[in-house]
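Dumped input_26.csv below, it's CSV, N, CA, C and O atoms:
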```csv
chain,number,residue,atom,x,y,z
A,12,ALA,N,71.2,-82.9,-274.6
A,12,ALA,CA,72.1,-84.0,-274.6
A,12,ALA,C,71.6,-85.0,-275.7
A,12,ALA,O,70.4,-85.2,-275.9
A,13,LYS,N,72.5,-85.5,-276.5
A,13,LYS,CA,72.1,-86.5,-277.5
A,13,LYS,C,71.9,-87.9,-276.9
A,13,LYS,O,72.7,-88.3,-276.1
A,14,ILE,N,70.9,-88.5,-277.4
A,14,ILE,CA,70.6,-89.9,-277.0
A,14,ILE,C,71.0,-90.8,-278.1
A,14,ILE,O,70.6,-90.6,-279.2
A,15,PRO,N,71.9,-91.7,-277.8
A,15,PRO,CA,72.4,-92.6,-278.9
A,15,PRO,C,71.3,-93.6,-279.4
A,15,PRO,O,70.6,-94.2,-278.5
A,16,PHE,N,71.2,-93.7,-280.7
A,16,PHE,CA,70.2,-94.7,-281.2
A,16,PHE,C,71.0,-95.5,-282.2
A,16,PHE,O,71.9,-95.1,-282.9
A,17,GLU,N,70.7,-96.8,-282.2
A,17,GLU,CA,71.3,-97.7,-283.2
A,17,GLU,C,70.5,-97.7,-284.4
A,17,GLU,O,69.2,-97.8,-284.4
A,18,GLU,N,71.1,-97.5,-285.6
A,18,GLU,CA,70.4,-97.5,-286.8
A,18,GLU,C,70.4,-98.9,-287.4
A,18,GLU,O,71.4,-99.6,-287.2
A,19,GLY,N,69.4,-99.2,-288.2
A,19,GLY,CA,69.3,-100.5,-288.9
A,19,GLY,C,68.2,-100.5,-289.8
A,19,GLY,O,67.4,-99.6,-289.9
A,20,GLN,N,68.1,-101.6,-290.6
A,20,GLN,CA,67.0,-101.7,-291.5
A,20,GLN,C,66.4,-103.1,-291.4
A,20,GLN,O,67.1,-104.1,-291.0
A,21,ILE,N,65.1,-103.2,-291.6
A,21,ILE,CA,64.5,-104.5,-291.6
A,21,ILE,C,63.4,-104.4,-292.7
A,21,ILE,O,62.8,-103.4,-292.9
A,22,ARG,N,63.2,-105.5,-293.3
A,22,ARG,CA,62.2,-105.6,-294.4
A,22,ARG,C,60.9,-106.1,-293.8
A,22,ARG,O,60.9,-107.2,-293.2
A,23,LEU,N,59.9,-105.3,-293.9
A,23,LEU,CA,58.6,-105.8,-293.4
A,23,LEU,C,57.9,-106.7,-294.4
A,23,LEU,O,58.0,-106.5,-295.6
A,24,ARG,N,57.2,-107.6,-293.9
A,24,ARG,CA,56.4,-108.5,-294.8
A,24,ARG,C,54.9,-108.3,-294.5
A,24,ARG,O,54.5,-107.8,-293.4
A,25,PHE,N,54.1,-108.7,-295.4
A,25,PHE,CA,52.7,-108.6,-295.3
A,25,PHE,C,52.2,-109.2,-293.9
A,25,PHE,O,52.6,-110.3,-293.5
A,26,GLY,N,51.5,-108.4,-293.2
A,26,GLY,CA,51.0,-108.8,-291.9
A,26,GLY,C,51.8,-108.5,-290.7
A,26,GLY,O,51.4,-108.6,-289.6
A,27,ASP,N,53.1,-108.0,-290.9
A,27,ASP,CA,53.9,-107.6,-289.8
A,27,ASP,C,53.3,-106.4,-289.1
A,27,ASP,O,52.6,-105.6,-289.7
A,28,VAL,N,53.5,-106.4,-287.8
A,28,VAL,CA,52.9,-105.4,-286.9
A,28,VAL,C,54.0,-104.7,-286.2
A,28,VAL,O,54.9,-105.3,-285.7
A,29,LEU,N,53.9,-103.3,-286.2
A,29,LEU,CA,54.8,-102.5,-285.4
A,29,LEU,C,54.0,-101.9,-284.2
A,29,LEU,O,52.9,-101.4,-284.4
A,30,ILE,N,54.6,-101.9,-283.1
A,30,ILE,CA,54.0,-101.3,-281.9
A,30,ILE,C,54.9,-100.3,-281.3
A,30,ILE,O,56.1,-100.5,-281.1
A,31,PHE,N,54.4,-99.1,-281.2
A,31,PHE,CA,55.2,-97.9,-280.6
A,31,PHE,C,54.5,-97.6,-279.3
A,31,PHE,O,53.2,-97.6,-279.2
A,32,TYR,N,55.2,-97.3,-278.3
A,32,TYR,CA,54.7,-97.0,-277.0
A,32,TYR,C,55.6,-96.1,-276.2
A,32,TYR,O,56.8,-96.0,-276.4
A,33,THR,N,55.0,-95.4,-275.2
A,33,THR,CA,55.8,-94.5,-274.3
A,33,THR,C,56.1,-95.3,-273.0
A,33,THR,O,55.4,-96.3,-272.7
A,34,ASP,N,57.0,-94.8,-272.3
A,34,ASP,CA,57.5,-95.5,-271.1
A,34,ASP,C,56.4,-95.5,-270.0
A,34,ASP,O,56.5,-96.3,-269.0
A,35,GLY,N,55.3,-94.7,-270.2
A,35,GLY,CA,54.3,-94.7,-269.2
A,35,GLY,C,53.6,-96.0,-269.1
A,35,GLY,O,53.0,-96.4,-268.1
A,36,ILE,N,53.6,-96.8,-270.2
A,36,ILE,CA,53.0,-98.2,-270.1
A,36,ILE,C,53.8,-99.1,-269.2
A,36,ILE,O,53.3,-99.7,-268.3
A,37,ILE,N,55.1,-99.2,-269.4
A,37,ILE,CA,55.9,-100.2,-268.6
A,37,ILE,C,56.2,-99.7,-267.2
A,37,ILE,O,56.4,-100.4,-266.3
A,38,GLU,N,56.0,-98.3,-267.0
A,38,GLU,CA,56.3,-97.8,-265.7
A,38,GLU,C,55.0,-97.6,-264.9
A,38,GLU,O,55.0,-97.0,-263.8
A,39,HIS,N,53.8,-98.0,-265.5
A,39,HIS,CA,52.6,-97.8,-264.7
A,39,HIS,C,52.6,-98.7,-263.5
A,39,HIS,O,53.1,-99.8,-263.5
A,40,GLN,N,52.2,-98.1,-262.4
A,40,GLN,CA,52.2,-98.8,-261.1
A,40,GLN,C,50.8,-99.1,-260.6
A,40,GLN,O,49.9,-98.3,-260.7
A,41,ASN,N,50.7,-100.2,-259.8
A,41,ASN,CA,49.4,-100.5,-259.2
A,41,ASN,C,49.4,-99.9,-257.8
A,41,ASN,O,50.4,-99.2,-257.4
A,42,ASP,N,48.4,-100.2,-257.0
A,42,ASP,CA,48.3,-99.7,-255.7
A,42,ASP,C,49.3,-100.2,-254.7
A,42,ASP,O,49.4,-99.8,-253.6
A,43,LYS,N,50.0,-101.3,-255.1
A,43,LYS,CA,51.1,-101.8,-254.3
A,43,LYS,C,52.4,-101.4,-254.7
A,43,LYS,O,53.5,-101.9,-254.3
A,44,ASP,N,52.4,-100.4,-255.6
A,44,ASP,CA,53.7,-99.8,-256.2
A,44,ASP,C,54.5,-100.8,-257.1
A,44,ASP,O,55.7,-100.6,-257.3
A,45,ALA,N,53.8,-101.8,-257.5
A,45,ALA,CA,54.5,-102.8,-258.5
A,45,ALA,C,54.4,-102.2,-259.9
A,45,ALA,O,53.3,-101.6,-260.2
A,46,PHE,N,55.4,-102.3,-260.7
A,46,PHE,CA,55.4,-101.8,-262.0
A,46,PHE,C,54.7,-102.8,-263.0
A,46,PHE,O,54.9,-104.0,-262.8
A,47,TYR,N,54.1,-102.3,-264.0
A,47,TYR,CA,53.5,-103.2,-265.0
A,47,TYR,C,54.6,-103.9,-265.7
A,47,TYR,O,54.6,-105.1,-265.8
A,48,GLY,N,55.7,-103.2,-266.1
A,48,GLY,CA,56.9,-103.8,-266.5
A,48,GLY,C,57.0,-104.3,-268.0
A,48,GLY,O,55.9,-104.6,-268.6
A,49,ALA,N,58.2,-104.3,-268.5
A,49,ALA,CA,58.4,-104.7,-269.9
A,49,ALA,C,58.1,-106.2,-270.1
A,49,ALA,O,57.5,-106.5,-271.2
A,50,GLU,N,58.4,-107.0,-269.2
A,50,GLU,CA,58.2,-108.5,-269.4
A,50,GLU,C,56.7,-108.8,-269.5
A,50,GLU,O,56.3,-109.5,-270.4
A,51,ARG,N,55.9,-108.1,-268.6
A,51,ARG,CA,54.4,-108.3,-268.7
A,51,ARG,C,53.9,-107.8,-270.0
A,51,ARG,O,53.1,-108.5,-270.7
A,52,PHE,N,54.4,-106.6,-270.4
A,52,PHE,CA,53.9,-106.0,-271.7
A,52,PHE,C,54.3,-106.8,-272.9
A,52,PHE,O,53.4,-107.1,-273.7
A,53,TYR,N,55.5,-107.2,-273.0
A,53,TYR,CA,56.0,-108.0,-274.1
A,53,TYR,C,55.3,-109.4,-274.2
A,53,TYR,O,54.9,-109.9,-275.2
A,54,GLY,N,55.1,-110.0,-273.0
A,54,GLY,CA,54.4,-111.3,-272.9
A,54,GLY,C,52.9,-111.1,-273.4
A,54,GLY,O,52.4,-112.0,-274.1
A,55,LEU,N,52.3,-110.0,-273.0
A,55,LEU,CA,50.9,-109.8,-273.5
A,55,LEU,C,50.9,-109.6,-275.0
A,55,LEU,O,50.0,-110.2,-275.7
A,56,LEU,N,51.8,-108.8,-275.5
A,56,LEU,CA,51.8,-108.6,-277.0
A,56,LEU,C,52.0,-109.9,-277.7
A,56,LEU,O,51.4,-110.2,-278.7
A,57,LYS,N,52.9,-110.7,-277.2
A,57,LYS,CA,53.2,-112.0,-277.8
A,57,LYS,C,51.9,-112.9,-277.8
A,57,LYS,O,51.6,-113.5,-278.8
A,58,SER,N,51.2,-112.9,-276.7
A,58,SER,CA,50.0,-113.7,-276.6
A,58,SER,C,48.9,-113.2,-277.5
A,58,SER,O,48.0,-114.0,-277.9
A,59,LEU,N,48.9,-112.0,-277.9
A,59,LEU,CA,47.9,-111.3,-278.7
A,59,LEU,C,48.3,-111.2,-280.2
A,59,LEU,O,47.5,-110.6,-281.0
A,60,ARG,N,49.4,-111.7,-280.6
A,60,ARG,CA,50.0,-111.4,-281.9
A,60,ARG,C,49.1,-111.9,-283.1
A,60,ARG,O,49.3,-111.3,-284.1
A,61,ASN,N,48.2,-112.8,-282.9
A,61,ASN,CA,47.4,-113.2,-284.0
A,61,ASN,C,46.0,-112.5,-284.1
A,61,ASN,O,45.2,-112.9,-284.9
A,62,ARG,N,45.8,-111.6,-283.2
A,62,ARG,CA,44.6,-110.9,-283.1
A,62,ARG,C,44.6,-109.7,-284.1
A,62,ARG,O,45.7,-109.2,-284.4
A,63,PRO,N,43.5,-109.2,-284.5
A,63,PRO,CA,43.5,-107.9,-285.4
A,63,PRO,C,44.1,-106.8,-284.5
A,63,PRO,O,44.0,-106.8,-283.3
A,64,ILE,N,44.8,-105.9,-285.2
A,64,ILE,CA,45.5,-104.8,-284.6
A,64,ILE,C,44.7,-104.0,-283.6
A,64,ILE,O,45.1,-103.7,-282.5
A,65,ALA,N,43.4,-103.6,-284.0
A,65,ALA,CA,42.6,-102.8,-283.1
A,65,ALA,C,42.3,-103.6,-281.8
A,65,ALA,O,42.3,-103.0,-280.7
A,66,GLU,N,42.0,-104.9,-282.0
A,66,GLU,CA,41.7,-105.7,-280.8
A,66,GLU,C,42.9,-105.9,-279.9
A,66,GLU,O,42.8,-105.8,-278.7
A,67,LEU,N,44.1,-106.0,-280.5
A,67,LEU,CA,45.3,-106.1,-279.7
A,67,LEU,C,45.5,-104.9,-278.9
A,67,LEU,O,45.8,-105.0,-277.7
A,68,LEU,N,45.4,-103.7,-279.5
A,68,LEU,CA,45.6,-102.4,-278.8
A,68,LEU,C,44.6,-102.3,-277.7
A,68,LEU,O,44.9,-101.9,-276.6
A,69,ASP,N,43.3,-102.6,-277.9
A,69,ASP,CA,42.3,-102.5,-276.9
A,69,ASP,C,42.6,-103.4,-275.7
A,69,ASP,O,42.4,-103.0,-274.6
A,70,GLU,N,43.0,-104.7,-276.0
A,70,GLU,CA,43.3,-105.6,-275.0
A,70,GLU,C,44.5,-105.2,-274.1
A,70,GLU,O,44.5,-105.4,-272.9
A,71,VAL,N,45.5,-104.6,-274.7
A,71,VAL,CA,46.6,-104.1,-274.0
A,71,VAL,C,46.2,-103.0,-273.0
A,71,VAL,O,46.6,-103.0,-271.8
A,72,MET,N,45.4,-102.1,-273.5
A,72,MET,CA,44.9,-101.0,-272.6
A,72,MET,C,44.0,-101.5,-271.5
A,72,MET,O,44.1,-101.0,-270.4
A,73,LYS,N,43.1,-102.4,-271.8
A,73,LYS,CA,42.3,-103.0,-270.8
A,73,LYS,C,43.2,-103.7,-269.7
A,73,LYS,O,42.9,-103.6,-268.5
A,74,ASN,N,44.2,-104.5,-270.2
A,74,ASN,CA,45.0,-105.2,-269.2
A,74,ASN,C,45.8,-104.2,-268.4
A,74,ASN,O,46.0,-104.4,-267.2
A,75,LEU,N,46.3,-103.1,-269.0
A,75,LEU,CA,47.1,-102.1,-268.3
A,75,LEU,C,46.2,-101.5,-267.2
A,75,LEU,O,46.7,-101.4,-266.0
A,76,MET,N,45.0,-101.1,-267.5
A,76,MET,CA,44.2,-100.4,-266.5
A,76,MET,C,43.7,-101.4,-265.5
A,76,MET,O,43.6,-101.0,-264.3
A,77,ALA,N,43.5,-102.7,-265.8
A,77,ALA,CA,43.1,-103.7,-264.8
A,77,ALA,C,44.3,-103.9,-263.8
A,77,ALA,O,44.0,-104.1,-262.6
A,78,PHE,N,45.5,-103.9,-264.3
A,78,PHE,CA,46.6,-104.1,-263.5
A,78,PHE,C,46.7,-102.9,-262.5
A,78,PHE,O,47.0,-103.2,-261.3
A,79,GLY,N,46.5,-101.7,-262.9
A,79,GLY,CA,46.6,-100.6,-262.1
A,79,GLY,C,45.5,-100.5,-261.0
A,79,GLY,O,45.7,-99.8,-260.0
A,80,GLY,N,44.4,-101.2,-261.2
A,80,GLY,CA,43.3,-101.1,-260.2
A,80,GLY,C,42.8,-99.7,-260.0
A,80,GLY,O,42.5,-99.0,-261.0
A,81,ASP,N,42.8,-99.2,-258.8
A,81,ASP,CA,42.4,-97.9,-258.5
A,81,ASP,C,43.5,-96.9,-258.6
A,81,ASP,O,43.3,-95.7,-258.4
A,82,SER,N,44.7,-97.3,-259.0
A,82,SER,CA,45.8,-96.4,-259.1
A,82,SER,C,45.7,-95.6,-260.3
A,82,SER,O,45.4,-96.1,-261.4
A,83,LYS,N,45.9,-94.3,-260.2
A,83,LYS,CA,45.8,-93.4,-261.4
A,83,LYS,C,47.1,-93.4,-262.2
A,83,LYS,O,48.2,-93.7,-261.6
A,84,LEU,N,47.0,-93.1,-263.4
A,84,LEU,CA,48.1,-93.0,-264.3
A,84,LEU,C,49.0,-91.9,-263.8
A,84,LEU,O,48.5,-90.8,-263.5
A,85,ARG,N,50.3,-92.1,-263.7
A,85,ARG,CA,51.3,-91.1,-263.2
A,85,ARG,C,52.1,-90.5,-264.3
A,85,ARG,O,52.8,-89.6,-264.1
A,86,ASP,N,52.0,-91.1,-265.5
A,86,ASP,CA,52.8,-90.6,-266.6
A,86,ASP,C,51.9,-90.7,-267.9
A,86,ASP,O,50.8,-91.3,-267.8
A,87,ASP,N,52.4,-90.1,-269.0
A,87,ASP,CA,51.6,-90.3,-270.2
A,87,ASP,C,51.7,-91.7,-270.7
A,87,ASP,O,52.7,-92.4,-270.5
A,88,VAL,N,50.6,-92.1,-271.3
A,88,VAL,CA,50.5,-93.5,-271.8
A,88,VAL,C,50.1,-93.3,-273.3
A,88,VAL,O,49.0,-92.9,-273.5
A,89,SER,N,51.0,-93.7,-274.2
A,89,SER,CA,50.6,-93.7,-275.6
A,89,SER,C,50.9,-95.0,-276.2
A,89,SER,O,52.0,-95.7,-275.9
A,90,LEU,N,50.1,-95.5,-277.1
A,90,LEU,CA,50.2,-96.8,-277.7
A,90,LEU,C,49.7,-96.7,-279.1
A,90,LEU,O,48.6,-96.2,-279.4
A,91,LEU,N,50.6,-97.0,-280.1
A,91,LEU,CA,50.3,-96.9,-281.5
A,91,LEU,C,50.7,-98.3,-282.1
A,91,LEU,O,51.7,-98.8,-281.9
A,92,GLY,N,49.8,-98.8,-282.9
A,92,GLY,CA,50.0,-100.0,-283.7
A,92,GLY,C,49.8,-99.8,-285.1
A,92,GLY,O,48.9,-99.1,-285.6
A,93,MET,N,50.7,-100.4,-285.9
A,93,MET,CA,50.6,-100.3,-287.4
A,93,MET,C,50.8,-101.7,-288.0
A,93,MET,O,51.7,-102.4,-287.5
A,94,GLU,N,50.0,-102.1,-288.9
A,94,GLU,CA,50.1,-103.3,-289.6
A,94,GLU,C,50.5,-103.1,-291.0
A,94,GLU,O,49.9,-102.3,-291.7
A,95,TYR,N,51.5,-103.8,-291.5
A,95,TYR,CA,52.0,-103.6,-292.8
A,95,TYR,C,51.1,-104.4,-293.8
A,95,TYR,O,50.9,-105.6,-293.6
A,96,LYS,N,50.5,-103.7,-294.8
A,96,LYS,CA,49.7,-104.3,-295.8
A,96,LYS,C,50.3,-104.0,-297.1
A,96,LYS,O,51.0,-103.1,-297.3
A,97,ARG,N,49.9,-104.8,-298.1
A,97,ARG,CA,50.4,-104.6,-299.4
A,97,ARG,C,49.8,-103.3,-300.0
A,97,ARG,O,48.7,-102.9,-299.7
A,98,LYS,N,50.6,-102.7,-300.9
A,98,LYS,CA,50.1,-101.5,-301.6
A,98,LYS,C,48.8,-101.8,-302.3
A,98,LYS,O,48.6,-102.8,-302.9
A,99,GLY,N,47.9,-100.8,-302.1
A,99,GLY,CA,46.6,-100.9,-302.7
A,99,GLY,C,45.6,-101.7,-301.9
A,99,GLY,O,44.4,-101.9,-302.3
A,100,THR,N,45.9,-102.1,-300.6
A,100,THR,CA,44.9,-102.8,-299.8
A,100,THR,C,44.5,-101.8,-298.7
A,100,THR,O,45.2,-100.9,-298.4
A,101,THR,N,43.4,-102.0,-298.1
A,101,THR,CA,42.9,-101.2,-297.0
A,101,THR,C,42.9,-101.9,-295.7
A,101,THR,O,42.9,-103.1,-295.7
```
Re-express the file's structure as structure tokens.
Amino acid sequence: AKIPFEEGQIRLRFGDVLIFYTDGIIEHQNDKDAFYGAERFYGLLKSLRNRPIAELLDEVMKNLMAFGGDSKLRDDVSLLGMEYKRKGTT
């Protein structure tokens, strides 16, 4: 089955960050069966937006695992962050 995707374009500027993630993050449940959820995830990303990308990703994973407590991951969890830099910079 085809999944519909909306196409579009956006111009990235120096310092913009892209975050890619799987649904295992927002669907992670704690021992009370509460979901981590998109609102919590997006709020955390917003609060960390001025941090270096590596630190941001580490903090998200720490927060996710702390939320889950003793609950094991039930789905795959993938998180990728990319920061746009000017050509020729590292």
message: For a quick check of understanding, using only N, CA, C and O atoms, which of A:Leu84, A:Leu90, A:Ala12, A:Ile64 has the smallest distance to Val28 (chain A)?
response: A:Ile64
- request: Identify all residues of region 29-60 of chain A in strand (DSSP E) (DSSP on the backbone) and supply them as number ranges by chain.
  value: A: 29-32
- request: Would you kindly return, as a ChimeraX atom specification, each protein, DNA or RNA residue with an atom no farther than 8 Å from any atom of region 43-56 of chain A, considering only N, CA, C and O atoms and excluding same-chain residues fewer than 2 positions away?
  value: /A:34-41,58-62,67,70-71,74-75,78-79,82
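Take CA of Glu66 (chain A) and atom C of Arg85 (chain A): the distance between them is 24.7 Å.
Within 7 Å of region 14-26 of chain A, once only C-alpha atoms are used and residues closer than 4 positions along the same chain are dropped, the contacting residues are Glu94, Tyr95, Lys96 and Arg97 of chain A.
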query: Per DSSP on the backbone, what are the helix (DSSP H, G or I) residues of chain A, as number ranges by chain?
result: A: 34-37, 49-58, 64-79
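CA of Asp87 (chain A) is found 24.6 Å from CA of Pro63 (chain A).
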Kindly write region 46-80 of chain A with N, CA and C atoms to a file, as a short mmCIF file (atom, residue, chain, number, x, y, z; two decimals), in the first residue's frame.
```cif
data_model
loop_
_atom_site.label_atom_id
_atom_site.label_comp_id
_atom_site.auth_asym_id
_atom_site.auth_seq_id
_atom_site.Cartn_x
_atom_site.Cartn_y
_atom_site.Cartn_z
N PHE A 46 2.36 6.59 27.52
CA PHE A 46 3.24 6.80 26.38
C PHE A 46 4.14 8.01 26.60
N TYR A 47 5.35 7.94 26.07
CA TYR A 47 6.25 9.09 26.10
C TYR A 47 5.59 10.24 25.34
N GLY A 48 5.11 9.98 24.16
CA GLY A 48 4.27 10.92 23.43
C GLY A 48 4.99 12.01 22.65
N ALA A 49 4.32 12.46 21.62
CA ALA A 49 4.88 13.50 20.75
C ALA A 49 5.02 14.83 21.47
N GLU A 50 4.04 15.18 22.29
CA GLU A 50 4.08 16.47 22.99
C GLU A 50 5.31 16.56 23.90
N ARG A 51 5.58 15.51 24.64
CA ARG A 51 6.75 15.48 25.54
C ARG A 51 8.04 15.55 24.70
N PHE A 52 8.08 14.77 23.62
CA PHE A 52 9.26 14.73 22.75
C PHE A 52 9.53 16.09 22.12
N TYR A 53 8.52 16.69 21.52
CA TYR A 53 8.69 17.99 20.88
C TYR A 53 9.03 19.08 21.89
N GLY A 54 8.44 19.02 23.06
CA GLY A 54 8.74 19.99 24.10
C GLY A 54 10.19 19.89 24.55
N LEU A 55 10.69 18.66 24.67
CA LEU A 55 12.08 18.46 25.05
C LEU A 55 13.01 18.98 23.96
N LEU A 56 12.70 18.66 22.71
CA LEU A 56 13.52 19.17 21.61
C LEU A 56 13.57 20.69 21.62
N LYS A 57 12.43 21.31 21.85
CA LYS A 57 12.37 22.77 21.89
C LYS A 57 13.23 23.33 23.02
N SER A 58 13.18 22.68 24.19
CA SER A 58 13.97 23.17 25.32
C SER A 58 15.47 22.98 25.13
N LEU A 59 15.85 22.06 24.26
CA LEU A 59 17.27 21.76 24.02
C LEU A 59 17.80 22.39 22.72
N ARG A 60 17.01 23.21 22.07
CA ARG A 60 17.34 23.67 20.72
C ARG A 60 18.63 24.47 20.62
N ASN A 61 19.12 25.04 21.70
CA ASN A 61 20.35 25.82 21.64
C ASN A 61 21.59 25.02 22.05
N ARG A 62 21.41 23.76 22.33
CA ARG A 62 22.53 22.91 22.72
C ARG A 62 23.23 22.33 21.49
N PRO A 63 24.47 21.93 21.61
CA PRO A 63 25.15 21.25 20.50
C PRO A 63 24.38 19.97 20.14
N ILE A 64 24.40 19.60 18.88
CA ILE A 64 23.58 18.51 18.38
C ILE A 64 23.85 17.19 19.13
N ALA A 65 25.10 16.87 19.41
CA ALA A 65 25.43 15.63 20.12
C ALA A 65 24.83 15.63 21.52
N GLU A 66 24.90 16.76 22.19
CA GLU A 66 24.34 16.89 23.53
C GLU A 66 22.82 16.78 23.49
N LEU A 67 22.20 17.40 22.50
CA LEU A 67 20.75 17.32 22.33
C LEU A 67 20.30 15.86 22.19
N LEU A 68 20.97 15.12 21.32
CA LEU A 68 20.60 13.72 21.10
C LEU A 68 20.80 12.88 22.36
N ASP A 69 21.92 13.11 23.05
CA ASP A 69 22.18 12.38 24.31
C ASP A 69 21.10 12.67 25.34
N GLU A 70 20.73 13.93 25.48
CA GLU A 70 19.71 14.30 26.47
C GLU A 70 18.35 13.69 26.14
N VAL A 71 18.00 13.65 24.86
CA VAL A 71 16.73 13.04 24.47
C VAL A 71 16.73 11.56 24.87
N MET A 72 17.81 10.85 24.59
CA MET A 72 17.85 9.42 24.92
C MET A 72 17.85 9.20 26.43
N LYS A 73 18.56 10.03 27.18
CA LYS A 73 18.54 9.92 28.64
C LYS A 73 17.14 10.15 29.18
N ASN A 74 16.46 11.17 28.65
CA ASN A 74 15.11 11.49 29.09
C ASN A 74 14.14 10.37 28.75
N LEU A 75 14.27 9.81 27.56
CA LEU A 75 13.41 8.71 27.14
C LEU A 75 13.58 7.51 28.06
N MET A 76 14.81 7.14 28.35
CA MET A 76 15.06 5.97 29.19
C MET A 76 14.64 6.24 30.64
N ALA A 77 14.82 7.45 31.13
CA ALA A 77 14.38 7.79 32.48
C ALA A 77 12.86 7.71 32.57
N PHE A 78 12.17 8.16 31.54
CA PHE A 78 10.71 8.08 31.51
C PHE A 78 10.25 6.63 31.60
N GLY A 79 10.92 5.76 30.88
CA GLY A 79 10.54 4.35 30.85
C GLY A 79 10.80 3.61 32.15
N GLY A 80 11.71 4.12 32.96
CA GLY A 80 12.05 3.44 34.22
C GLY A 80 12.54 2.04 33.95
#
```
